[in-house]
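Have a look at model-v5.tsv below; it lists TSV, C-alpha atoms.
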```tsv
chain	number	residue	atom	x	y	z
M	2	MET	CA	37.85	71.77	-117.91
M	3	THR	CA	39.55	68.34	-118.00
M	4	ILE	CA	36.32	66.66	-116.92
M	5	LEU	CA	34.35	68.61	-119.53
M	6	ILE	CA	36.76	67.55	-122.30
M	7	LEU	CA	36.68	63.94	-121.11
M	8	ALA	CA	32.88	63.97	-121.01
M	9	LEU	CA	32.68	65.43	-124.52
M	10	THR	CA	35.23	62.90	-125.75
M	11	LEU	CA	33.30	59.94	-124.35
M	12	LEU	CA	30.01	61.32	-125.64
M	13	GLY	CA	31.54	61.92	-129.06
M	14	ALA	CA	33.10	58.48	-129.25
M	15	VAL	CA	29.76	56.80	-128.51
M	16	SER	CA	27.90	59.08	-130.90
M	17	ALA	CA	30.43	58.57	-133.70
M	18	SER	CA	30.47	54.78	-133.39
M	19	SER	CA	26.69	54.42	-133.25
M	20	ALA	CA	25.85	56.90	-136.02
M	21	GLY	CA	27.86	55.40	-138.92
M	22	PRO	CA	28.39	57.16	-142.25
M	23	PRO	CA	25.56	59.22	-143.82
M	24	PRO	CA	23.95	58.04	-147.12
M	25	HIS	CA	26.50	58.44	-149.93
M	26	ASP	CA	24.19	60.80	-151.85
M	27	ASP	CA	24.12	63.27	-148.94
M	28	PHE	CA	27.38	64.89	-150.00
M	29	ALA	CA	27.33	67.73	-147.45
M	30	ALA	CA	26.75	65.36	-144.52
M	31	THR	CA	29.36	62.93	-145.85
M	32	ALA	CA	31.91	65.75	-146.04
M	33	ARG	CA	31.18	66.82	-142.46
M	34	TYR	CA	31.30	63.20	-141.25
M	35	VAL	CA	34.68	62.46	-142.84
M	36	VAL	CA	36.22	65.79	-141.74
M	37	HIS	CA	35.09	65.25	-138.14
M	38	ARG	CA	36.09	61.57	-137.95
M	39	ASN	CA	39.67	62.06	-139.12
M	40	ASN	CA	42.19	64.06	-137.15
M	41	TRP	CA	44.68	64.88	-139.92
M	42	GLY	CA	44.67	65.89	-143.57
M	43	SER	CA	46.94	66.64	-146.53
M	44	LEU	CA	47.31	70.37	-147.13
M	45	ALA	CA	48.41	71.55	-150.60
M	46	SER	CA	50.06	74.95	-150.99
M	47	THR	CA	51.97	76.83	-153.67
M	48	SER	CA	55.63	76.41	-152.72
M	49	THR	CA	57.87	79.37	-151.89
M	50	HIS	CA	60.93	77.08	-151.62
M	51	GLN	CA	63.54	76.24	-154.20
M	52	PRO	CA	63.84	74.06	-156.25
M	53	ILE	CA	60.01	73.87	-156.45
M	54	LYS	CA	59.14	77.56	-156.02
M	55	GLY	CA	55.73	78.29	-157.60
M	56	LYS	CA	54.94	74.57	-157.86
M	57	PRO	CA	52.43	72.57	-155.80
M	58	PHE	CA	53.58	71.20	-152.42
M	59	VAL	CA	51.70	69.05	-149.91
M	60	ASP	CA	52.25	68.15	-146.25
M	61	ALA	CA	50.31	66.27	-143.57
M	62	PHE	CA	48.81	68.38	-140.77
M	63	SER	CA	46.93	67.55	-137.61
M	64	VAL	CA	43.45	69.04	-137.88
M	65	SER	CA	40.33	69.42	-135.76
M	66	ASP	CA	36.95	70.89	-136.64
M	67	GLY	CA	35.89	70.79	-133.00
M	68	PRO	CA	36.16	68.55	-129.94
M	69	VAL	CA	34.82	65.02	-130.58
M	70	GLY	CA	31.03	65.27	-130.75
M	71	ASN	CA	31.05	69.05	-131.37
M	72	SER	CA	31.79	69.38	-135.11
M	73	THR	CA	31.77	72.85	-136.68
M	74	GLY	CA	33.12	71.93	-140.14
M	75	VAL	CA	35.87	74.55	-139.80
M	76	PRO	CA	39.34	72.99	-140.09
M	77	TYR	CA	41.61	74.38	-137.36
M	78	PHE	CA	45.41	74.05	-137.46
M	79	PHE	CA	48.28	74.71	-135.04
M	80	PHE	CA	50.98	76.34	-137.15
M	81	SER	CA	54.65	77.15	-136.63
M	82	PRO	CA	56.34	79.62	-139.01
M	83	LEU	CA	59.26	77.13	-139.07
M	84	GLU	CA	57.18	74.84	-141.34
M	85	ARG	CA	57.52	75.06	-145.10
M	86	THR	CA	53.77	74.99	-145.74
M	87	VAL	CA	53.17	77.76	-143.20
M	88	GLN	CA	55.78	79.91	-144.96
M	89	ASP	CA	54.01	79.15	-148.26
M	90	LEU	CA	50.63	80.18	-146.84
M	91	GLU	CA	51.98	83.38	-145.32
M	92	ALA	CA	52.98	84.35	-148.90
M	93	ASN	CA	49.84	82.95	-150.58
M	94	PRO	CA	47.08	81.71	-148.26
M	95	PHE	CA	45.03	79.72	-150.80
M	96	ALA	CA	45.19	75.97	-150.15
M	97	THR	CA	43.31	72.70	-150.58
M	98	LEU	CA	42.91	70.27	-147.68
M	99	LEU	CA	42.22	66.60	-148.45
M	100	VAL	CA	40.60	64.49	-145.74
M	101	SER	CA	39.84	60.91	-146.75
M	102	GLU	CA	38.37	57.77	-145.24
M	103	VAL	CA	41.50	55.98	-146.48
M	104	GLN	CA	43.30	57.65	-143.56
M	105	SER	CA	41.19	56.04	-140.84
M	106	GLY	CA	41.81	52.44	-141.91
M	107	TYR	CA	38.07	52.12	-142.73
M	108	CYS	CA	38.64	51.44	-146.45
M	109	LYS	CA	41.29	48.81	-145.73
M	110	ASN	CA	38.93	47.11	-143.24
M	111	VAL	CA	36.14	46.83	-145.82
M	112	LYS	CA	38.72	45.77	-148.49
M	113	TRP	CA	38.38	48.84	-150.69
M	114	ASP	CA	41.50	49.96	-152.54
M	115	PRO	CA	42.66	53.47	-151.49
M	116	GLU	CA	41.56	54.67	-154.93
M	117	ASP	CA	38.14	52.97	-154.82
M	118	PRO	CA	35.60	55.78	-155.37
M	119	ARG	CA	33.56	54.53	-152.38
M	120	CYS	CA	36.54	55.34	-150.14
M	121	ALA	CA	35.34	58.91	-149.54
M	122	LYS	CA	37.64	61.82	-150.32
M	123	ILE	CA	36.74	65.36	-149.22
M	124	HIS	CA	38.57	68.38	-150.68
M	125	LEU	CA	38.18	71.73	-148.89
M	126	SER	CA	39.64	74.77	-150.69
M	127	GLY	CA	40.05	78.33	-149.43
M	128	LYS	CA	42.33	80.76	-147.65
M	129	VAL	CA	44.13	79.61	-144.52
M	130	VAL	CA	44.37	82.51	-142.08
M	131	PRO	CA	45.20	83.14	-138.41
M	132	VAL	CA	42.28	82.54	-136.05
M	133	PRO	CA	40.83	85.84	-134.72
M	134	GLU	CA	41.35	86.44	-131.01
M	135	ASP	CA	37.74	85.80	-129.98
M	136	GLU	CA	37.89	82.32	-131.60
M	137	THR	CA	41.25	81.32	-130.10
M	138	ASN	CA	39.85	79.48	-127.08
M	139	PHE	CA	37.56	77.37	-129.24
M	140	ALA	CA	40.37	76.58	-131.70
M	141	LYS	CA	42.70	75.67	-128.82
M	142	ASN	CA	40.14	73.37	-127.19
M	143	SER	CA	39.27	71.80	-130.56
M	144	LEU	CA	42.90	70.98	-131.30
M	145	PHE	CA	44.31	70.19	-127.83
M	146	SER	CA	41.41	67.86	-126.91
M	147	ARG	CA	42.20	65.69	-129.95
M	148	HIS	CA	45.98	66.29	-130.13
M	149	PRO	CA	47.13	66.41	-126.48
M	150	ILE	CA	50.84	66.75	-127.39
M	151	MET	CA	50.05	70.23	-128.75
M	152	ALA	CA	49.88	71.51	-125.15
M	153	GLU	CA	53.62	70.71	-124.95
M	154	TRP	CA	54.37	72.41	-128.27
M	155	TYR	CA	52.56	75.49	-126.96
M	156	LYS	CA	55.30	75.80	-124.31
M	157	MET	CA	58.07	76.10	-126.96
M	158	PRO	CA	58.22	79.86	-127.63
M	159	ASP	CA	60.96	79.53	-130.28
M	160	HIS	CA	58.47	77.66	-132.50
M	161	GLN	CA	55.98	80.57	-132.31
M	162	PHE	CA	52.96	78.29	-132.75
M	163	TYR	CA	49.66	79.97	-133.55
M	164	PHE	CA	46.11	78.89	-134.42
M	165	ALA	CA	44.93	79.04	-138.03
M	166	LYS	CA	41.79	77.99	-139.88
M	167	MET	CA	40.56	77.58	-143.43
M	168	GLU	CA	37.90	79.98	-144.73
M	169	ILE	CA	36.25	77.43	-147.01
M	170	GLU	CA	35.31	78.63	-150.52
M	171	ASP	CA	34.74	75.26	-152.21
M	172	VAL	CA	33.95	71.71	-151.13
M	173	PHE	CA	34.38	68.77	-153.50
M	174	VAL	CA	33.25	65.27	-152.54
M	175	LEU	CA	33.94	61.91	-154.16
M	176	ASP	CA	32.29	59.09	-152.21
M	177	PHE	CA	30.76	56.71	-154.80
M	178	PHE	CA	30.92	55.58	-158.43
M	179	GLY	CA	30.03	58.15	-161.09
M	180	GLY	CA	32.25	61.14	-160.37
M	181	GLY	CA	32.57	63.85	-157.73
M	182	HIS	CA	30.24	66.61	-156.57
M	183	SER	CA	30.67	70.24	-155.58
M	184	VAL	CA	29.00	71.31	-152.34
M	185	SER	CA	28.45	74.95	-151.39
M	186	PRO	CA	30.10	76.09	-148.14
M	187	GLN	CA	26.59	77.05	-146.95
M	188	ASP	CA	25.25	73.49	-147.40
M	189	TYR	CA	28.42	72.06	-145.86
M	190	TYR	CA	28.15	74.20	-142.72
M	191	LYS	CA	24.44	73.58	-142.21
M	192	ALA	CA	24.69	69.78	-142.49
M	193	THR	CA	24.33	67.92	-139.20
M	194	LEU	CA	26.12	64.73	-138.18
W	3	MET	CA	52.23	34.67	-162.99
W	4	THR	CA	49.82	34.36	-160.03
W	5	ILE	CA	52.28	32.07	-158.24
W	6	LEU	CA	55.14	34.47	-158.97
W	7	ILE	CA	53.20	37.45	-157.58
W	8	LEU	CA	52.17	35.43	-154.52
W	9	ALA	CA	55.77	34.33	-153.91
W	10	LEU	CA	57.08	37.91	-154.24
W	11	THR	CA	54.32	39.15	-151.92
W	12	LEU	CA	55.14	36.61	-149.22
W	13	LEU	CA	58.87	37.23	-149.60
W	14	GLY	CA	58.31	40.99	-149.39
W	15	ALA	CA	56.04	40.76	-146.37
W	16	VAL	CA	58.62	38.73	-144.44
W	17	SER	CA	61.44	41.02	-145.53
W	18	ALA	CA	59.51	44.20	-144.66
W	19	SER	CA	58.45	43.00	-141.23
W	20	SER	CA	61.90	41.78	-140.23
W	21	ALA	CA	63.88	44.75	-141.52
W	22	GLY	CA	62.18	47.63	-139.65
W	23	PRO	CA	62.79	51.31	-140.39
W	24	PRO	CA	66.30	52.54	-141.30
W	25	PRO	CA	68.16	54.90	-138.88
W	26	HIS	CA	66.42	58.30	-138.92
W	27	ASP	CA	69.61	60.06	-140.08
W	28	ASP	CA	69.75	57.93	-143.24
W	29	PHE	CA	67.30	60.18	-145.08
W	30	ALA	CA	67.58	58.48	-148.49
W	31	ALA	CA	66.93	55.00	-147.04
W	32	THR	CA	64.08	56.34	-144.88
W	33	ALA	CA	62.46	57.88	-147.96
W	34	ARG	CA	62.73	54.61	-149.88
W	35	TYR	CA	61.42	52.62	-146.90
W	36	VAL	CA	58.34	54.81	-146.39
W	37	VAL	CA	57.55	55.00	-150.13
W	38	HIS	CA	57.75	51.21	-150.50
W	39	ARG	CA	55.82	50.40	-147.30
W	40	ASN	CA	52.79	52.55	-148.13
W	41	ASN	CA	50.52	51.85	-151.09
W	42	TRP	CA	48.95	55.29	-151.50
W	43	GLY	CA	49.95	58.94	-151.34
W	44	SER	CA	48.58	62.50	-151.61
W	45	LEU	CA	49.32	64.07	-154.97
W	46	ALA	CA	49.28	67.88	-155.24
W	47	SER	CA	48.70	69.50	-158.63
W	48	THR	CA	47.90	72.97	-159.97
W	49	SER	CA	44.14	72.94	-160.57
W	50	THR	CA	42.65	73.48	-164.03
W	51	HIS	CA	39.11	73.48	-162.58
W	52	GLN	CA	36.90	76.35	-161.53
W	53	PRO	CA	36.47	77.81	-158.95
W	54	ILE	CA	40.08	76.96	-157.94
W	55	LYS	CA	41.80	77.22	-161.36
W	56	GLY	CA	45.50	78.00	-160.90
W	57	LYS	CA	45.33	77.11	-157.18
W	58	PRO	CA	46.77	74.04	-155.44
W	59	PHE	CA	44.64	70.86	-155.40
W	60	VAL	CA	45.38	67.48	-153.78
W	61	ASP	CA	43.92	64.00	-154.14
W	62	ALA	CA	44.72	60.52	-152.81
W	63	PHE	CA	46.13	58.03	-155.31
W	64	SER	CA	47.07	54.39	-155.13
W	65	VAL	CA	50.81	54.10	-155.75
W	66	SER	CA	53.42	51.39	-156.14
W	67	ASP	CA	57.18	51.68	-156.56
W	68	GLY	CA	57.44	47.98	-157.37
W	69	PRO	CA	55.99	44.65	-156.25
W	70	VAL	CA	56.46	44.06	-152.49
W	71	GLY	CA	60.14	43.25	-151.95
W	72	ASN	CA	61.23	44.76	-155.28
W	73	SER	CA	61.35	48.53	-154.61
W	74	THR	CA	62.59	50.84	-157.37
W	75	GLY	CA	61.76	54.19	-155.72
W	76	VAL	CA	59.78	55.23	-158.83
W	77	PRO	CA	56.14	56.04	-157.96
W	78	TYR	CA	53.84	54.41	-160.53
W	79	PHE	CA	50.19	55.44	-160.94
W	80	PHE	CA	47.16	54.10	-162.84
W	81	PHE	CA	45.47	57.17	-164.27
W	82	SER	CA	42.11	57.85	-165.91
W	83	PRO	CA	41.62	61.12	-167.84
W	84	LEU	CA	38.23	61.32	-166.07
W	85	GLU	CA	40.03	62.34	-162.85
W	86	ARG	CA	40.51	66.01	-161.97
W	87	THR	CA	44.14	65.59	-160.98
W	88	VAL	CA	44.95	63.73	-164.22
W	89	GLN	CA	43.40	66.59	-166.21
W	90	ASP	CA	45.52	69.03	-164.16
W	91	LEU	CA	48.70	67.06	-164.86
W	92	GLU	CA	47.97	66.78	-168.58
W	93	ALA	CA	47.98	70.62	-168.62
W	94	ASN	CA	50.92	71.03	-166.19
W	95	PRO	CA	52.73	67.83	-165.19
W	96	PHE	CA	54.65	69.17	-162.16
W	97	ALA	CA	53.39	67.70	-158.88
W	98	THR	CA	54.39	66.81	-155.33
W	99	LEU	CA	53.56	63.40	-153.86
W	100	LEU	CA	53.40	63.04	-150.05
W	101	VAL	CA	53.84	59.57	-148.59
W	102	SER	CA	53.82	59.44	-144.80
W	103	GLU	CA	54.10	56.87	-142.03
W	104	VAL	CA	50.92	58.41	-140.61
W	105	GLN	CA	49.07	56.57	-143.39
W	106	SER	CA	50.12	53.08	-142.28
W	107	GLY	CA	48.81	53.35	-138.73
W	108	TYR	CA	52.41	53.06	-137.46
W	109	CYS	CA	52.40	56.52	-135.82
W	110	LYS	CA	49.08	55.87	-134.09
W	111	ASN	CA	50.39	52.52	-132.81
W	112	VAL	CA	53.45	54.14	-131.20
W	113	LYS	CA	51.25	57.03	-129.94
W	114	TRP	CA	52.80	59.77	-132.06
W	115	ASP	CA	50.51	62.59	-133.15
W	116	PRO	CA	50.13	62.78	-136.98
W	117	GLU	CA	52.16	65.99	-136.86
W	118	ASP	CA	54.93	64.57	-134.62
W	119	PRO	CA	58.18	65.10	-136.59
W	120	ARG	CA	59.19	61.46	-135.92
W	121	CYS	CA	56.13	60.37	-137.93
W	122	ALA	CA	58.10	60.37	-141.21
W	123	LYS	CA	56.85	62.42	-144.14
W	124	ILE	CA	58.40	62.02	-147.59
W	125	HIS	CA	57.76	64.61	-150.33
W	126	LEU	CA	58.64	63.65	-153.91
W	127	SER	CA	58.43	66.44	-156.51
W	128	GLY	CA	58.72	66.25	-160.28
W	129	LYS	CA	56.88	65.76	-163.53
W	130	VAL	CA	54.23	63.04	-163.75
W	131	VAL	CA	54.31	61.53	-167.23
W	132	PRO	CA	52.96	58.48	-169.08
W	133	VAL	CA	55.11	55.35	-168.66
W	134	PRO	CA	57.06	54.55	-171.86
W	135	GLU	CA	56.01	51.37	-173.63
W	136	ASP	CA	59.07	49.30	-172.62
W	137	GLU	CA	58.32	50.01	-168.95
W	138	THR	CA	54.58	49.27	-169.10
W	139	ASN	CA	54.81	45.63	-168.03
W	140	PHE	CA	56.85	46.52	-164.96
W	141	ALA	CA	54.47	49.37	-164.03
W	142	LYS	CA	51.48	47.06	-164.51
W	143	ASN	CA	52.95	44.30	-162.34
W	144	SER	CA	54.04	46.84	-159.70
W	145	LEU	CA	50.53	48.28	-159.42
W	146	PHE	CA	48.32	45.23	-160.01
W	147	SER	CA	50.25	43.03	-157.53
W	148	ARG	CA	49.54	45.57	-154.75
W	149	HIS	CA	46.16	46.85	-155.99
W	150	PRO	CA	44.38	43.76	-157.42
W	151	ILE	CA	41.14	45.68	-158.22
W	152	MET	CA	43.08	47.59	-160.91
W	153	ALA	CA	42.88	44.50	-163.14
W	154	GLU	CA	39.10	45.08	-163.20
W	155	TRP	CA	39.48	48.80	-163.95
W	156	TYR	CA	41.77	47.85	-166.85
W	157	LYS	CA	38.74	46.17	-168.48
W	158	MET	CA	36.73	49.44	-168.52
W	159	PRO	CA	37.68	51.03	-171.86
W	160	ASP	CA	35.54	54.14	-171.29
W	161	HIS	CA	37.82	55.10	-168.38
W	162	GLN	CA	40.91	55.00	-170.67
W	163	PHE	CA	43.24	54.06	-167.80
W	164	TYR	CA	46.97	54.34	-168.49
W	165	PHE	CA	50.20	53.96	-166.51
W	166	ALA	CA	52.06	57.06	-165.34
W	167	LYS	CA	55.12	57.71	-163.17
W	168	MET	CA	56.87	60.59	-161.48
W	169	GLU	CA	60.27	61.69	-162.82
W	170	ILE	CA	61.60	62.78	-159.42
W	171	GLU	CA	63.50	66.09	-159.31
W	172	ASP	CA	63.49	66.71	-155.55
W	173	VAL	CA	63.10	64.61	-152.40
W	174	PHE	CA	62.38	66.24	-149.03
W	175	VAL	CA	62.34	64.17	-145.83
W	176	LEU	CA	61.12	65.04	-142.33
W	177	ASP	CA	61.58	62.09	-139.97
W	178	PHE	CA	62.89	63.53	-136.67
W	179	PHE	CA	63.15	66.68	-134.56
W	180	GLY	CA	65.22	69.55	-135.99
W	181	GLY	CA	63.73	70.18	-139.44
W	182	GLY	CA	63.65	68.50	-142.81
W	183	HIS	CA	66.33	67.47	-145.27
W	184	SER	CA	66.69	67.54	-149.04
W	185	VAL	CA	67.91	64.34	-150.69
W	186	SER	CA	69.18	64.21	-154.26
W	187	PRO	CA	67.29	61.89	-156.61
W	188	GLN	CA	70.64	60.09	-157.19
W	189	ASP	CA	71.05	59.28	-153.46
W	190	TYR	CA	67.37	58.34	-153.22
W	191	TYR	CA	67.57	55.86	-156.10
W	192	LYS	CA	70.83	54.25	-154.96
W	193	ALA	CA	69.62	53.65	-151.37
W	194	THR	CA	68.84	50.04	-150.54
W	195	LEU	CA	66.11	48.77	-148.21
```
Please render this file's structure as structure tokens.
Amino acid sequence: MTILILALTLLGAVSASSAGPPPHDDFAATARYVVHRNNWGSLASTSTHQPIKGKPFVDAFSVSDGPVGNSTGVPYFFFSPLERTVQDLEANPFATLLVSEVQSGYCKNVKWDPEDPRCAKIHLSGKVVPVPEDETNFAKNSLFSRHPIMAEWYKMPDHQFYFAKMEIEDVFVLDFFGGGHSVSPQDYYKATL
Amino acid sequence: MTILILALTLLGAVSASSAGPPPHDDFAATARYVVHRNNWGSLASTSTHQPIKGKPFVDAFSVSDGPVGNSTGVPYFFFSPLERTVQDLEANPFATLLVSEVQSGYCKNVKWDPEDPRCAKIHLSGKVVPVPEDETNFAKNSLFSRHPIMAEWYKMPDHQFYFAKMEIEDVFVLDFFGGGHSVSPQDYYKATL
């Protein structure tokens, strides 16, 4: 298994570096590219905690949509019920996940301000739910291959970590001048990197 | 003015690099340090847009709490009513801003996963409102000195850019193992870098 993960990682790294970003007017492919390239995102929930109960909250979460080179588009998370956002989502699972090229350092390298519209921002909205049992192994491999420390967290039973994923209902992409674009989940999932 | 901004920038860069992060148990100072060091954040609002009306949304915004070396703790923004989040906030101004050390590349450099609790995450919650006229020059200098492209955006009247800021009501800090901590706005503002 270790060799398989290593092989996929090396393959993915080569593939990712040689492919480069899709054309900016291919919004579905751009969304998939940015989501797969970045390994964390900002997850917005409706707070269940005082003094901001009922108000929007946001936290940073490690994410993976598949091992490097094997993108599915599905954002997987490793959740502990000790986290505020996880408590929020257990009460109300609807959330928006932002994944942006500003995170990777790419925009800084090409001297684009974080708010420059060319610095692609992908918003995925939907319900965040526990991963069904038959998908657990894939979620685990997706996350642990890109976030190795999670294997240690898995050994901490008091944190009660579990796998979760977003069931995407809406994709919104801003990656160029002229405003953002909605992408259907169907087009998002069928795009290839 | 250019020389003044340049001098402040150089002064700030030296000061920031020599000071290093505050002790992790000084939550107010850590919050101020992370907010001043990073020049963007993830802003969560309650959406006014279909198909996610009434649900949480999040976008990345360029932020400044003062020119480098002159931190105030107040997050200033440069808003256009063309942006979805700005439209959300004009209907309901309450928001949460996440600023995290994961953004700066610091956590990656020291080999901490984005979700490692030592990779400090600062959540500022409150109303985001237009900057009053007597504060406009400070907001403008705070933002334009750290985001030079904004001077160009200022010349685009059709975008109707204006200065906004968060009136902070709650600060929540996670910067170490053992869970997060609330900080009063008073303690946050009086902390020194």
For chain W, list the residues within 7 Å of chain M, counting all atoms listed in the file, and write the list as a VMD selection string. chain W and resid 42 44 46 to 48 57 to 64 96 to 98 100 105 115 to 117 149
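Across the model, the gap from atom CA of Phe139 of chain M to atom CA of Asp188 of chain M is 22.3 Å.
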I'd like the contact shell of Arg120 of chain W - 7 Å cut-off, only C-alpha atoms, skipping same-chain residues fewer than 4 positions apart - returned as a ChimeraX atom specification. /W:177-179
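Here the question is which of W:Leu195, W:Pro83, W:Trp155, W:His161 gets nearest to Val37 of chain W using all atoms listed in the file, and that residue is W:Leu195.
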Residues within 8 Å of Ala166 of chain W, please, as an MDAnalysis selection string. Count only C-alpha atoms; anything in the same chain fewer than 2 positions from it doesn't count. chainID W and resid 78:81 130:133 164 168
Assuming 8 Å of padding per side, give the centre and edge lengths of the axis-aligned box around every listed atom of segment 107-122 of chain W, in Å to one decimal and as AutoDock Vina command-line options.
```
--center_x 54.0 --center_y 59.3 --center_z -135.6 --size_x 26.4 --size_y 29.5 --size_z 27.3
```
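The coordinates place atom CA of Gln89 of chain W at 28.0 Å from atom CA of Ser73 of chain W.
Coordinates place atom CA of Phe173 of chain M at a distance of 15.4 Å from atom CA of Asp90 of chain W.
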Selected residue of minimal separation from Tyr155 of chain M among M:Ala121, M:Val87, M:Ser81, M:Asn39, counting all atoms listed in the file: M:Ser81
Residues within 9 Å of Pro186 of chain M, please, as a PyMOL selection string. Count only C-alpha atoms; anything in the same chain fewer than 4 positions from it doesn't count. chain M and resi 29+169-172+190-191
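Closest approach to Glu134 of chain M among M:Phe164, M:Tyr107, M:Gln187, M:Val75: M:Phe164, based on all atoms listed in the file.
Closest approach to Tyr34 of chain M among M:Ser185, M:Asn142, M:Thr49, M:Thr73: M:Thr73, based on only C-alpha atoms.
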Do a neighbour search on His183 of chain W at 8 Å with all atoms listed in the file, toss out local chain neighbours closer than 4 positions, and write the hits as a ChimeraX atom specification. /W:29,174-176
Since the input lacks some atoms of segment 45-57 of chain W, please model N, CA, C and O atoms and print them as a PDB file, in the coordinates of the input.
```pdb
ATOM      1  N   LEU W  45      48.657  63.471-153.811  1.00  0.00           N
ATOM      2  CA  LEU W  45      49.320  64.070-154.970  1.00  0.00           C
ATOM      3  C   LEU W  45      48.775  65.479-155.186  1.00  0.00           C
ATOM      4  O   LEU W  45      47.574  65.663-155.421  1.00  0.00           O
ATOM      5  N   ALA W  46      49.672  66.472-155.091  1.00  0.00           N
ATOM      6  CA  ALA W  46      49.280  67.880-155.240  1.00  0.00           C
ATOM      7  C   ALA W  46      49.573  68.346-156.652  1.00  0.00           C
ATOM      8  O   ALA W  46      50.668  68.142-157.179  1.00  0.00           O
ATOM      9  N   SER W  47      48.569  68.984-157.267  1.00  0.00           N
ATOM     10  CA  SER W  47      48.700  69.500-158.630  1.00  0.00           C
ATOM     11  C   SER W  47      48.225  70.958-158.647  1.00  0.00           C
ATOM     12  O   SER W  47      47.667  71.454-157.665  1.00  0.00           O
ATOM     13  N   THR W  48      48.456  71.631-159.773  1.00  0.00           N
ATOM     14  CA  THR W  48      47.900  72.970-159.970  1.00  0.00           C
ATOM     15  C   THR W  48      46.568  72.803-160.689  1.00  0.00           C
ATOM     16  O   THR W  48      46.533  72.278-161.811  1.00  0.00           O
ATOM     17  N   SER W  49      45.480  73.243-160.050  1.00  0.00           N
ATOM     18  CA  SER W  49      44.140  72.940-160.570  1.00  0.00           C
ATOM     19  C   SER W  49      43.870  73.621-161.918  1.00  0.00           C
ATOM     20  O   SER W  49      44.267  74.762-162.145  1.00  0.00           O
ATOM     21  N   THR W  50      43.156  72.908-162.773  1.00  0.00           N
ATOM     22  CA  THR W  50      42.650  73.480-164.030  1.00  0.00           C
ATOM     23  C   THR W  50      41.139  73.670-163.949  1.00  0.00           C
ATOM     24  O   THR W  50      40.493  73.957-164.969  1.00  0.00           O
ATOM     25  N   HIS W  51      40.573  73.482-162.745  1.00  0.00           N
ATOM     26  CA  HIS W  51      39.110  73.480-162.580  1.00  0.00           C
ATOM     27  C   HIS W  51      38.608  74.678-161.801  1.00  0.00           C
ATOM     28  O   HIS W  51      39.138  74.990-160.732  1.00  0.00           O
ATOM     29  N   GLN W  52      37.554  75.284-162.289  1.00  0.00           N
ATOM     30  CA  GLN W  52      36.900  76.350-161.530  1.00  0.00           C
ATOM     31  C   GLN W  52      36.175  75.748-160.343  1.00  0.00           C
ATOM     32  O   GLN W  52      35.718  74.625-160.435  1.00  0.00           O
ATOM     33  N   PRO W  53      36.040  76.421-159.197  1.00  0.00           N
ATOM     34  CA  PRO W  53      36.470  77.810-158.950  1.00  0.00           C
ATOM     35  C   PRO W  53      37.894  77.924-158.398  1.00  0.00           C
ATOM     36  O   PRO W  53      38.228  78.974-157.879  1.00  0.00           O
ATOM     37  N   ILE W  54      38.735  76.880-158.543  1.00  0.00           N
ATOM     38  CA  ILE W  54      40.080  76.960-157.940  1.00  0.00           C
ATOM     39  C   ILE W  54      41.168  76.868-159.025  1.00  0.00           C
ATOM     40  O   ILE W  54      42.289  76.451-158.745  1.00  0.00           O
ATOM     41  N   LYS W  55      40.824  77.274-160.258  1.00  0.00           N
ATOM     42  CA  LYS W  55      41.800  77.220-161.360  1.00  0.00           C
ATOM     43  C   LYS W  55      43.071  78.000-161.000  1.00  0.00           C
ATOM     44  O   LYS W  55      42.982  79.141-160.523  1.00  0.00           O
ATOM     45  N   GLY W  56      44.214  77.358-161.202  1.00  0.00           N
ATOM     46  CA  GLY W  56      45.500  78.000-160.900  1.00  0.00           C
ATOM     47  C   GLY W  56      45.923  77.842-159.440  1.00  0.00           C
ATOM     48  O   GLY W  56      47.037  78.214-159.074  1.00  0.00           O
ATOM     49  N   LYS W  57      45.046  77.274-158.613  1.00  0.00           N
ATOM     50  CA  LYS W  57      45.330  77.110-157.180  1.00  0.00           C
ATOM     51  C   LYS W  57      45.723  75.653-156.898  1.00  0.00           C
ATOM     52  O   LYS W  57      45.433  74.760-157.689  1.00  0.00           O
TER      53      LYS W  57
END
```
